[in-house]
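Text of my_file.txt (compact mmCIF, C-alpha atoms) as supplied:
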```txt
# COMPACT_ATOMS: atom_id res chain seq x y z
CA MET A 246 25.99 -4.21 -5.24
CA ILE A 247 22.76 -2.26 -4.56
CA ARG A 248 22.06 1.10 -6.18
CA SER A 249 19.11 3.38 -6.92
CA ALA A 250 17.72 3.07 -10.43
CA ALA A 251 18.10 5.91 -12.96
CA PRO A 252 15.94 6.76 -16.01
CA GLU A 253 18.32 4.82 -18.30
CA ASP A 254 17.45 1.65 -16.33
CA THR A 255 13.80 1.80 -17.41
CA ARG A 256 14.13 -0.91 -20.07
CA THR A 257 15.88 -3.24 -17.62
CA ILE A 258 13.18 -2.60 -15.00
CA GLY A 259 10.49 -3.36 -17.57
CA GLN A 260 12.13 -6.71 -18.33
CA LEU A 261 12.34 -7.54 -14.64
CA ILE A 262 8.65 -6.68 -14.16
CA ARG A 263 7.72 -8.99 -17.07
CA ALA A 264 9.90 -11.76 -15.67
CA LEU A 265 8.28 -11.42 -12.24
CA ALA A 266 4.81 -11.57 -13.82
CA ASP A 267 5.85 -14.75 -15.68
CA TYR A 268 7.09 -16.25 -12.42
CA GLU A 269 3.83 -15.34 -10.67
CA LYS A 270 1.78 -16.77 -13.59
CA LEU A 271 0.24 -13.33 -14.08
CA SER A 272 1.74 -12.31 -17.47
CA GLN A 273 -1.76 -12.06 -18.92
CA VAL A 274 -2.48 -8.96 -16.77
CA VAL A 275 0.71 -7.08 -17.67
CA GLN A 276 0.06 -3.83 -19.58
CA LEU A 277 3.53 -2.41 -19.50
CA ASP A 278 4.50 0.61 -21.55
CA GLU A 279 8.13 1.68 -21.24
CA ASN A 280 7.53 5.42 -21.67
CA ARG A 281 4.74 5.43 -19.12
CA LEU A 282 6.90 3.43 -16.69
CA ARG A 283 9.72 5.99 -17.07
CA GLU A 284 7.24 8.79 -16.38
CA HIS A 285 5.81 7.00 -13.33
CA LEU A 286 9.24 6.28 -11.84
CA PHE A 287 11.28 9.32 -12.85
CA GLY A 288 8.76 12.00 -13.88
CA PRO A 289 7.63 15.05 -11.90
CA ARG A 290 5.21 12.94 -9.76
CA PRO A 291 7.01 9.63 -9.09
CA TYR A 292 4.73 6.85 -7.85
CA ALA A 293 7.48 4.41 -6.90
CA GLU A 294 11.23 4.05 -6.43
CA VAL A 295 13.53 1.24 -7.52
CA LEU A 296 16.66 -0.35 -6.07
CA LEU A 297 18.75 -2.56 -8.34
CA ALA A 298 21.09 -5.43 -7.46
CA GLU A 299 24.14 -5.67 -9.67
CA GLU A 300 26.83 -8.28 -10.21
CA ASP A 301 30.38 -7.47 -11.25
CA GLU A 302 30.08 -9.47 -14.43
CA TRP A 303 27.47 -8.89 -17.06
CA ARG A 304 24.77 -11.49 -17.15
CA LYS A 305 24.71 -13.66 -20.26
CA PRO A 306 21.71 -12.80 -22.41
CA LEU A 307 18.86 -15.13 -21.64
CA PRO A 308 17.29 -17.15 -24.42
CA PRO A 309 14.17 -15.34 -25.61
CA LEU A 310 11.32 -16.37 -23.34
CA GLN A 311 7.57 -15.80 -23.48
CA SER A 312 8.00 -12.07 -23.04
CA GLY A 313 11.15 -11.88 -25.14
CA TYR A 314 13.86 -11.02 -22.61
CA ASP A 315 16.98 -10.19 -24.58
CA LEU A 316 18.79 -7.93 -22.22
CA ARG A 317 22.52 -7.98 -21.56
CA THR A 318 23.08 -6.19 -18.29
CA SER A 319 24.88 -6.37 -14.98
CA VAL A 320 21.54 -5.97 -13.17
CA VAL A 321 20.37 -9.24 -11.63
CA GLY A 322 17.42 -8.14 -9.51
CA PHE A 323 15.21 -5.28 -8.38
CA ALA A 324 13.01 -4.01 -5.60
CA LEU A 325 10.23 -1.56 -6.50
CA PHE A 326 8.59 0.23 -3.60
CA PHE A 327 6.61 3.26 -2.42
CA HIS A 328 5.55 4.75 0.88
CA ASN A 329 2.40 3.79 2.71
CA TYR A 330 1.22 5.32 5.98
CA SER A 331 0.12 3.88 9.31
CA THR A 332 -2.35 6.11 11.17
CA PHE A 333 -2.11 3.90 14.26
CA LEU A 334 1.70 4.22 14.47
CA GLY A 335 1.65 7.77 13.13
CA THR A 336 4.53 7.05 10.76
CA PRO A 337 5.08 6.30 7.09
CA GLY A 338 6.07 2.79 6.07
CA ILE A 339 7.61 1.21 3.01
CA TYR A 340 5.52 -1.06 0.80
CA LEU A 341 7.53 -3.37 -1.43
CA GLU A 342 5.46 -3.95 -4.56
CA ASP A 343 7.95 -6.07 -6.52
CA LEU A 344 11.01 -8.10 -5.57
CA PHE A 345 12.69 -10.29 -8.18
CA VAL A 346 16.09 -11.85 -8.87
CA TRP A 347 16.82 -13.64 -12.15
CA PRO A 348 16.61 -17.41 -11.54
CA GLU A 349 20.25 -17.95 -12.61
CA SER A 350 21.46 -15.39 -10.03
CA ARG A 351 19.53 -16.71 -7.04
CA ARG A 352 21.05 -18.03 -3.82
CA HIS A 353 23.82 -15.40 -4.08
CA GLY A 354 22.23 -13.14 -1.45
CA HIS A 355 20.81 -10.55 -3.86
CA GLY A 356 17.25 -10.80 -2.51
CA LYS A 357 18.43 -10.41 1.06
CA ALA A 358 20.72 -7.52 0.06
CA LEU A 359 17.77 -5.74 -1.57
CA LEU A 360 15.57 -6.26 1.50
CA ALA A 361 18.38 -5.14 3.84
CA ALA A 362 18.88 -1.98 1.78
CA LEU A 363 15.14 -1.33 2.03
CA ALA A 364 15.20 -1.91 5.79
CA ARG A 365 18.03 0.66 6.10
CA LEU A 366 16.07 3.10 3.95
CA ALA A 367 12.98 2.54 6.10
CA ILE A 368 14.89 3.35 9.29
CA ASP A 369 16.66 6.35 7.71
CA ARG A 370 13.28 7.74 6.64
CA GLY A 371 11.56 7.22 10.00
CA CYS A 372 9.39 4.33 8.78
CA SER A 373 8.12 1.77 11.30
CA ARG A 374 7.26 -0.98 8.83
CA LEU A 375 8.36 -2.75 5.71
CA GLU A 376 5.48 -4.67 4.11
CA TRP A 377 4.75 -6.68 1.00
CA ALA A 378 2.36 -9.37 -0.28
CA VAL A 379 3.18 -12.91 -1.32
CA LEU A 380 1.19 -15.49 -3.31
CA ASP A 381 0.12 -18.37 -1.10
CA TRP A 382 1.76 -21.06 -3.29
CA ASN A 383 5.13 -19.33 -3.15
CA THR A 384 6.49 -21.28 -0.18
CA PRO A 385 10.21 -20.69 -0.93
CA ALA A 386 9.55 -16.94 -0.70
CA MET A 387 7.49 -17.30 2.49
CA ASP A 388 10.19 -19.42 4.16
CA PHE A 389 12.76 -16.77 3.22
CA TYR A 390 10.59 -13.93 4.58
CA ARG A 391 9.94 -15.75 7.86
CA SER A 392 13.69 -16.39 8.26
CA LEU A 393 14.14 -12.60 8.26
CA GLY A 394 11.58 -12.17 11.05
CA ALA A 395 8.70 -11.02 8.83
CA VAL A 396 5.24 -11.90 10.16
CA PRO A 397 2.27 -12.97 7.99
CA MET A 398 -0.76 -10.75 8.60
CA ASP A 399 -3.04 -13.78 8.57
CA ASP A 400 -6.06 -12.02 10.05
CA TRP A 401 -6.29 -9.40 7.31
CA THR A 402 -7.62 -9.84 3.77
CA THR A 403 -7.11 -7.30 1.02
CA TYR A 404 -10.18 -6.30 -0.98
CA ARG A 405 -9.84 -4.88 -4.48
CA LEU A 406 -12.28 -2.88 -6.55
CA THR A 407 -11.43 -2.58 -10.22
CA GLY A 408 -12.83 -2.31 -13.76
CA ASP A 409 -16.62 -2.17 -14.10
CA ALA A 410 -17.27 -2.40 -10.36
CA LEU A 411 -15.00 0.61 -9.76
CA ALA A 412 -16.63 2.60 -12.57
CA SER A 413 -20.10 1.68 -11.35
CA LEU A 414 -19.38 2.81 -7.78
CA ALA A 415 -17.93 6.06 -9.13
CA ASP A 416 -21.24 6.84 -10.87
CA MET B 262 -21.68 15.63 2.18
CA ILE B 263 -18.13 14.60 1.25
CA ARG B 264 -15.24 17.07 1.32
CA SER B 265 -11.45 17.06 1.47
CA ALA B 266 -10.00 17.55 4.92
CA ALA B 267 -8.12 20.74 5.82
CA PRO B 268 -5.44 21.31 8.49
CA GLU B 269 -8.07 22.52 10.99
CA ASP B 270 -9.71 19.05 10.79
CA THR B 271 -6.62 17.38 12.29
CA ARG B 272 -8.11 16.98 15.77
CA THR B 273 -11.30 15.45 14.35
CA ILE B 274 -9.25 13.06 12.20
CA GLY B 275 -7.23 12.04 15.24
CA GLN B 276 -10.45 11.22 17.13
CA LEU B 277 -11.73 9.17 14.21
CA ILE B 278 -8.44 7.25 14.02
CA ARG B 279 -8.67 6.46 17.76
CA ALA B 280 -12.29 5.38 17.39
CA LEU B 281 -11.39 3.09 14.47
CA ALA B 282 -8.58 1.55 16.50
CA ASP B 283 -11.02 0.93 19.37
CA TYR B 284 -13.44 -0.72 16.96
CA GLU B 285 -10.65 -2.90 15.55
CA LYS B 286 -9.49 -3.81 19.08
CA LEU B 287 -6.09 -2.31 18.27
CA SER B 288 -6.05 0.77 20.56
CA GLN B 289 -2.97 -0.59 22.29
CA VAL B 290 -0.85 0.03 19.17
CA VAL B 291 -1.99 3.62 18.59
CA GLN B 292 0.83 6.16 18.95
CA LEU B 293 -0.98 9.19 17.67
CA ASP B 294 0.49 12.67 17.99
CA GLU B 295 -1.69 15.46 16.64
CA ASN B 296 1.17 17.72 15.47
CA ARG B 297 2.88 14.88 13.69
CA LEU B 298 -0.42 13.86 12.07
CA ARG B 299 -0.94 17.42 10.81
CA GLU B 300 2.59 17.41 9.38
CA HIS B 301 2.09 14.01 7.70
CA LEU B 302 -1.26 15.01 6.15
CA PHE B 303 -0.78 18.69 5.36
CA GLY B 304 2.98 19.34 5.50
CA PRO B 305 5.41 19.75 2.59
CA ARG B 306 5.61 15.96 2.03
CA PRO B 307 2.07 14.61 2.59
CA TYR B 308 1.91 10.84 3.12
CA ALA B 309 -1.86 10.54 2.91
CA GLU B 310 -5.05 12.41 2.03
CA VAL B 311 -8.39 12.48 3.86
CA LEU B 312 -12.01 12.74 2.76
CA LEU B 313 -14.63 13.61 5.40
CA ALA B 314 -18.34 12.79 5.49
CA GLU B 315 -20.47 15.50 7.06
CA GLU B 316 -24.06 15.70 8.21
CA ASP B 317 -26.13 18.88 8.18
CA GLU B 318 -26.61 18.78 11.93
CA TRP B 319 -23.81 18.70 14.42
CA ARG B 320 -23.32 15.38 16.08
CA LYS B 321 -24.13 15.27 19.78
CA PRO B 322 -20.95 14.92 21.79
CA LEU B 323 -20.36 11.28 22.62
CA PRO B 324 -19.95 10.23 26.23
CA PRO B 325 -16.23 10.02 27.01
CA LEU B 326 -15.04 6.57 25.93
CA GLN B 327 -11.82 4.65 26.41
CA SER B 328 -9.83 7.17 24.39
CA GLY B 329 -11.79 10.20 25.59
CA TYR B 330 -13.71 11.33 22.51
CA ASP B 331 -15.26 14.67 23.34
CA LEU B 332 -15.65 16.22 19.97
CA ARG B 333 -18.65 18.19 18.81
CA THR B 334 -18.54 18.30 15.03
CA SER B 335 -20.61 17.82 11.89
CA VAL B 336 -18.08 15.23 10.68
CA VAL B 337 -19.45 11.70 10.97
CA GLY B 338 -16.86 9.66 9.10
CA PHE B 339 -13.57 9.66 7.22
CA ALA B 340 -11.54 7.90 4.56
CA LEU B 341 -7.75 8.18 4.75
CA PHE B 342 -5.85 7.06 1.65
CA PHE B 343 -2.67 7.29 -0.38
CA HIS B 344 -1.47 6.13 -3.77
CA ASN B 345 0.06 2.77 -4.44
CA TYR B 346 1.36 1.57 -7.82
CA SER B 347 0.77 -1.52 -9.94
CA THR B 348 3.73 -2.39 -12.15
CA PHE B 349 1.67 -5.05 -13.94
CA LEU B 350 -1.08 -2.59 -14.91
CA GLY B 351 1.38 0.29 -15.29
CA THR B 352 -0.88 2.64 -13.35
CA PRO B 353 -1.16 4.11 -9.87
CA GLY B 354 -3.92 2.89 -7.57
CA ILE B 355 -5.59 4.17 -4.43
CA TYR B 356 -5.04 2.38 -1.14
CA LEU B 357 -7.64 3.09 1.52
CA GLU B 358 -5.88 2.83 4.86
CA ASP B 359 -8.79 3.84 7.13
CA LEU B 360 -12.55 4.00 6.67
CA PHE B 361 -14.77 4.76 9.66
CA VAL B 362 -18.22 6.15 10.40
CA TRP B 363 -19.37 6.89 13.96
CA PRO B 364 -21.63 4.05 15.11
CA GLU B 365 -24.58 6.40 15.69
CA SER B 366 -24.35 7.67 12.08
CA ARG B 367 -24.18 4.28 10.36
CA ARG B 368 -26.70 2.95 7.84
CA HIS B 369 -27.16 6.48 6.46
CA GLY B 370 -24.97 5.82 3.40
CA HIS B 371 -21.89 7.69 4.62
CA GLY B 372 -19.53 4.73 4.12
CA LYS B 373 -20.77 4.14 0.60
CA ALA B 374 -20.59 7.88 -0.17
CA LEU B 375 -16.95 7.94 0.99
CA LEU B 376 -16.09 4.89 -1.14
CA ALA B 377 -17.94 6.32 -4.16
CA ALA B 378 -16.02 9.60 -3.82
CA LEU B 379 -12.79 7.59 -3.70
CA ALA B 380 -13.82 5.61 -6.78
CA ARG B 381 -14.44 8.88 -8.65
CA LEU B 382 -11.08 10.21 -7.49
CA ALA B 383 -9.41 6.98 -8.63
CA ILE B 384 -10.89 7.29 -12.12
CA ASP B 385 -10.12 11.04 -12.35
CA ARG B 386 -6.49 10.32 -11.46
CA GLY B 387 -6.06 7.44 -13.91
CA CYS B 388 -5.97 4.75 -11.20
CA SER B 389 -6.99 1.19 -12.08
CA ARG B 390 -7.62 -0.05 -8.56
CA LEU B 391 -9.05 0.86 -5.19
CA GLU B 392 -7.77 -1.47 -2.46
CA TRP B 393 -7.96 -1.85 1.29
CA ALA B 394 -7.57 -4.51 3.99
CA VAL B 395 -10.21 -5.85 6.36
CA LEU B 396 -9.96 -7.87 9.56
CA ASP B 397 -11.26 -11.38 9.05
CA TRP B 398 -13.82 -11.16 11.91
CA ASN B 399 -15.37 -8.00 10.47
CA THR B 400 -18.12 -9.75 8.50
CA PRO B 401 -20.49 -6.73 8.27
CA ALA B 402 -17.70 -4.81 6.53
CA MET B 403 -16.87 -7.71 4.21
CA ASP B 404 -20.54 -8.16 3.22
CA PHE B 405 -20.71 -4.44 2.45
CA TYR B 406 -17.51 -4.52 0.36
CA ARG B 407 -18.67 -7.56 -1.62
CA SER B 408 -22.02 -5.84 -2.30
CA LEU B 409 -20.03 -3.10 -4.06
CA GLY B 410 -18.25 -5.63 -6.28
CA ALA B 411 -14.96 -5.68 -4.37
CA VAL B 412 -13.07 -8.97 -4.57
CA PRO B 413 -11.10 -10.53 -1.69
CA MET B 414 -7.50 -11.23 -2.71
CA ASP B 415 -7.61 -14.61 -0.97
CA ASP B 416 -4.45 -16.00 -2.56
CA TRP B 417 -2.19 -13.22 -1.27
CA THR B 418 -0.85 -12.77 2.27
CA THR B 419 0.77 -9.59 3.50
CA TYR B 420 4.08 -9.94 5.34
CA ARG B 421 5.28 -7.29 7.73
CA LEU B 422 8.74 -6.57 9.08
CA THR B 423 8.87 -4.25 12.05
CA GLY B 424 10.72 -3.38 15.29
CA ASP B 425 13.77 -5.48 16.15
CA ALA B 426 13.49 -7.68 13.04
CA LEU B 427 13.51 -4.58 10.82
CA ALA B 428 16.46 -3.06 12.69
CA SER B 429 18.36 -6.35 12.61
CA LEU B 430 17.92 -6.74 8.83
CA ALA B 431 19.03 -3.12 8.34
CA ASP B 432 22.34 -3.91 10.09
```

What would you get if you wrote out this structure as structure tokens?
Amino acid sequence: MIRSAAPEDTRTIGQLIRALADYEKLSQVVQLDENRLREHLFGPRPYAEVLLAEEDEWRKPLPPLQSGYDLRTSVVGFALFFHNYSTFLGTPGIYLEDLFVWPESRRHGHGKALLAALARLAIDRGCSRLEWAVLDWNTPAMDFYRSLGAVPMDDWTTYRLTGDALASLAD
Amino acid sequence: MIRSAAPEDTRTIGQLIRALADYEKLSQVVQLDENRLREHLFGPRPYAEVLLAEEDEWRKPLPPLQSGYDLRTSVVGFALFFHNYSTFLGTPGIYLEDLFVWPESRRHGHGKALLAALARLAIDRGCSRLEWAVLDWNTPAMDFYRSLGAVPMDDWTTYRLTGDALASLAD
């Protein structure tokens, strides 16, 4: 059901990333290059790891959407993650950057299976926390996360420096 | 002024982490072990990196506080960070976990110098983003971050799974 991704899954992972961006109404920021993604996931300095959820039967190809999904695969969802680090707890943690299950394969437990596999991985690797961010309008996701015992970090706000402001500070 | 930390700075870094936790009213969660910290920062699998801000003159030892700071050092502040990864941008980023300057050394530009060094590092390493989280009551920090062009990610909330809830999901 859940397995680690391999380099030959790169195209599938790229499609899932595009589909997640569509779902989050953020497709306009996607700058995905398949070769670079392969390098970043499976090269000598990997920046992230990926778990895949698979079904026994191959998924019917989706009609071409905005980003042109045309993939025929048994993969129905993915979790992309990397390690963060808590100085207060003195342990690494796992940060889940992306979690996505194809709409037609939802409510089959794939999302929960991916999160459970990550929780096991966290404990096996001595991590105290599993964390991720959710868009405030995504109430189905938030209800799901709360049902698993996850707690919203309401008193923290993330700040981001990017583009010209980042370049200007660097000068 | 700004330099990378070395293993012999571990004790100083530990004191700075404790002082930051005091400032954030989170000392009760700190489980810091100096040997483990050294291993996590400078061992074979480093989870984070540290930049230190130094002054020419050694800082007077502080009176012993809640956590017993008693360090005499030229180090007046630190930035502890690791890499994250944006699938949408297809690039790594830098996540700043901790930023702290001793109260008596503030308003001398050390915080900005640490952030500027991180911004340079981000650009040198092909990172598109520098990100961090701030407690909502910490308005001096937020004003400072906004003055640098950082943007609050107001529409995202971080969820955290830890302790029993994490263990229960892993089962």

>> Show me, as a count of residues only, every residue of chain A with an atom at most 6 Å from chain B, counting only C-alpha atoms.
In response: 34

Present chain A as a short mmCIF file (atom, residue, chain, number, x, y, z; two decimals) with C-alpha atoms, in the frame of the given file, least-squares fitted onto chain B over all of its C-alpha atoms paired in order.
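New file result.cif:
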```cif
data_model
loop_
_atom_site.label_atom_id
_atom_site.label_comp_id
_atom_site.auth_asym_id
_atom_site.auth_seq_id
_atom_site.Cartn_x
_atom_site.Cartn_y
_atom_site.Cartn_z
CA MET A 246 -21.71 15.63 2.18
CA ILE A 247 -18.13 14.61 1.26
CA ARG A 248 -15.25 17.07 1.32
CA SER A 249 -11.45 17.06 1.46
CA ALA A 250 -10.00 17.55 4.92
CA ALA A 251 -8.12 20.74 5.84
CA PRO A 252 -5.43 21.31 8.52
CA GLU A 253 -8.08 22.52 11.00
CA ASP A 254 -9.70 19.05 10.80
CA THR A 255 -6.62 17.37 12.29
CA ARG A 256 -8.11 16.98 15.78
CA THR A 257 -11.30 15.47 14.35
CA ILE A 258 -9.26 13.06 12.21
CA GLY A 259 -7.24 12.04 15.25
CA GLN A 260 -10.45 11.21 17.13
CA LEU A 261 -11.73 9.17 14.20
CA ILE A 262 -8.44 7.24 14.01
CA ARG A 263 -8.68 6.44 17.75
CA ALA A 264 -12.30 5.37 17.37
CA LEU A 265 -11.41 3.08 14.47
CA ALA A 266 -8.57 1.53 16.50
CA ASP A 267 -11.03 0.92 19.37
CA TYR A 268 -13.45 -0.72 16.95
CA GLU A 269 -10.67 -2.92 15.54
CA LYS A 270 -9.50 -3.83 19.09
CA LEU A 271 -6.11 -2.33 18.26
CA SER A 272 -6.07 0.76 20.55
CA GLN A 273 -2.99 -0.60 22.30
CA VAL A 274 -0.87 0.02 19.16
CA VAL A 275 -2.01 3.61 18.60
CA GLN A 276 0.81 6.17 18.96
CA LEU A 277 -0.99 9.20 17.69
CA ASP A 278 0.47 12.67 18.01
CA GLU A 279 -1.71 15.48 16.66
CA ASN A 280 1.14 17.73 15.49
CA ARG A 281 2.87 14.89 13.70
CA LEU A 282 -0.43 13.85 12.08
CA ARG A 283 -0.95 17.43 10.82
CA GLU A 284 2.57 17.41 9.39
CA HIS A 285 2.06 14.02 7.72
CA LEU A 286 -1.27 15.01 6.16
CA PHE A 287 -0.79 18.70 5.37
CA GLY A 288 2.98 19.34 5.52
CA PRO A 289 5.41 19.75 2.61
CA ARG A 290 5.61 15.94 2.06
CA PRO A 291 2.07 14.60 2.62
CA TYR A 292 1.90 10.84 3.13
CA ALA A 293 -1.88 10.53 2.91
CA GLU A 294 -5.06 12.41 2.04
CA VAL A 295 -8.39 12.48 3.86
CA LEU A 296 -12.02 12.74 2.76
CA LEU A 297 -14.62 13.60 5.39
CA ALA A 298 -18.33 12.79 5.49
CA GLU A 299 -20.46 15.49 7.04
CA GLU A 300 -24.05 15.69 8.22
CA ASP A 301 -26.11 18.87 8.20
CA GLU A 302 -26.59 18.79 11.93
CA TRP A 303 -23.80 18.71 14.43
CA ARG A 304 -23.31 15.39 16.10
CA LYS A 305 -24.10 15.31 19.81
CA PRO A 306 -20.91 14.96 21.83
CA LEU A 307 -20.28 11.35 22.64
CA PRO A 308 -19.87 10.29 26.25
CA PRO A 309 -16.16 10.06 27.02
CA LEU A 310 -14.98 6.63 25.94
CA GLN A 311 -11.72 4.74 26.43
CA SER A 312 -9.82 7.24 24.33
CA GLY A 313 -11.77 10.24 25.58
CA TYR A 314 -13.74 11.36 22.52
CA ASP A 315 -15.30 14.69 23.37
CA LEU A 316 -15.68 16.24 20.00
CA ARG A 317 -18.69 18.23 18.82
CA THR A 318 -18.55 18.30 15.05
CA SER A 319 -20.59 17.83 11.91
CA VAL A 320 -18.07 15.23 10.69
CA VAL A 321 -19.45 11.70 10.97
CA GLY A 322 -16.85 9.66 9.10
CA PHE A 323 -13.57 9.66 7.21
CA ALA A 324 -11.55 7.90 4.56
CA LEU A 325 -7.75 8.17 4.74
CA PHE A 326 -5.86 7.04 1.66
CA PHE A 327 -2.66 7.27 -0.39
CA HIS A 328 -1.47 6.13 -3.78
CA ASN A 329 0.05 2.75 -4.45
CA TYR A 330 1.37 1.58 -7.82
CA SER A 331 0.78 -1.51 -9.94
CA THR A 332 3.75 -2.40 -12.16
CA PHE A 333 1.69 -5.06 -13.95
CA LEU A 334 -1.08 -2.58 -14.90
CA GLY A 335 1.38 0.29 -15.28
CA THR A 336 -0.89 2.64 -13.35
CA PRO A 337 -1.17 4.11 -9.87
CA GLY A 338 -3.94 2.89 -7.58
CA ILE A 339 -5.59 4.16 -4.44
CA TYR A 340 -5.03 2.37 -1.15
CA LEU A 341 -7.63 3.09 1.50
CA GLU A 342 -5.89 2.81 4.86
CA ASP A 343 -8.79 3.83 7.12
CA LEU A 344 -12.55 3.99 6.67
CA PHE A 345 -14.77 4.75 9.66
CA VAL A 346 -18.23 6.14 10.39
CA TRP A 347 -19.36 6.87 13.95
CA PRO A 348 -21.63 4.02 15.11
CA GLU A 349 -24.58 6.39 15.69
CA SER A 350 -24.35 7.67 12.08
CA ARG A 351 -24.18 4.30 10.35
CA ARG A 352 -26.69 2.96 7.84
CA HIS A 353 -27.15 6.50 6.45
CA GLY A 354 -24.97 5.83 3.40
CA HIS A 355 -21.88 7.70 4.62
CA GLY A 356 -19.52 4.74 4.12
CA LYS A 357 -20.77 4.15 0.61
CA ALA A 358 -20.58 7.89 -0.16
CA LEU A 359 -16.94 7.94 0.98
CA LEU A 360 -16.08 4.89 -1.14
CA ALA A 361 -17.93 6.32 -4.16
CA ALA A 362 -16.02 9.59 -3.82
CA LEU A 363 -12.79 7.60 -3.71
CA ALA A 364 -13.81 5.60 -6.78
CA ARG A 365 -14.45 8.88 -8.65
CA LEU A 366 -11.08 10.21 -7.50
CA ALA A 367 -9.41 6.99 -8.64
CA ILE A 368 -10.90 7.29 -12.13
CA ASP A 369 -10.14 11.03 -12.35
CA ARG A 370 -6.51 10.32 -11.46
CA GLY A 371 -6.06 7.43 -13.91
CA CYS A 372 -5.98 4.75 -11.20
CA SER A 373 -7.00 1.19 -12.09
CA ARG A 374 -7.64 -0.05 -8.56
CA LEU A 375 -9.06 0.86 -5.21
CA GLU A 376 -7.77 -1.47 -2.47
CA TRP A 377 -7.94 -1.86 1.28
CA ALA A 378 -7.56 -4.52 3.99
CA VAL A 379 -10.21 -5.86 6.33
CA LEU A 380 -9.95 -7.89 9.55
CA ASP A 381 -11.27 -11.40 9.05
CA TRP A 382 -13.83 -11.17 11.89
CA ASN A 383 -15.38 -8.02 10.45
CA THR A 384 -18.12 -9.76 8.46
CA PRO A 385 -20.49 -6.75 8.25
CA ALA A 386 -17.70 -4.82 6.50
CA MET A 387 -16.86 -7.73 4.19
CA ASP A 388 -20.52 -8.18 3.20
CA PHE A 389 -20.70 -4.45 2.44
CA TYR A 390 -17.51 -4.54 0.35
CA ARG A 391 -18.67 -7.57 -1.64
CA SER A 392 -22.01 -5.85 -2.33
CA LEU A 393 -20.02 -3.10 -4.07
CA GLY A 394 -18.24 -5.64 -6.30
CA ALA A 395 -14.95 -5.69 -4.37
CA VAL A 396 -13.06 -8.99 -4.59
CA PRO A 397 -11.08 -10.56 -1.71
CA MET A 398 -7.48 -11.26 -2.72
CA ASP A 399 -7.60 -14.63 -0.99
CA ASP A 400 -4.43 -16.00 -2.57
CA TRP A 401 -2.18 -13.23 -1.27
CA THR A 402 -0.85 -12.78 2.27
CA THR A 403 0.78 -9.60 3.50
CA TYR A 404 4.09 -9.97 5.33
CA ARG A 405 5.28 -7.29 7.73
CA LEU A 406 8.73 -6.58 9.08
CA THR A 407 8.87 -4.25 12.05
CA GLY A 408 10.70 -3.38 15.29
CA ASP A 409 13.75 -5.48 16.15
CA ALA A 410 13.49 -7.68 13.06
CA LEU A 411 13.51 -4.58 10.83
CA ALA A 412 16.46 -3.05 12.70
CA SER A 413 18.35 -6.34 12.60
CA LEU A 414 17.91 -6.73 8.84
CA ALA A 415 19.03 -3.12 8.36
CA ASP A 416 22.34 -3.89 10.10
#
```

>> Residues near stretch 346-351 of chain A, anyone? I mean within 10 Å using only C-alpha atoms, not counting same-chain ones fewer than 5 positions away, as a list in words.
In response: Leu261, Ala264, Leu265, Tyr268, Leu297, Ala298, Glu300, Arg304, Lys305, Leu307, Val320, Val321, Gly322, Phe323, Ala324, Gly356 and Leu359 of chain A

> What is the distance between atom CA of A:Gly354 and atom CA of A:Ala251, in Å to one decimal?
Replying inline: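 Here the two named atoms are 22.6 Å from each other.
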
>> What does the structure give for the distance between atom CA of A:Gly371 and atom CA of A:Leu296, in Å to one decimal?
In response: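 According to the coordinates, atom CA of A:Gly371 and atom CA of A:Leu296 are separated by 18.5 Å.
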
> Rounded to one decimal in Å, what is the spacing between atom CA of B:Thr271 and atom CA of B:Glu315?
Replying inline: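 We find that atom CA of B:Thr271 and atom CA of B:Glu315 lie 14.9 Å from each other.
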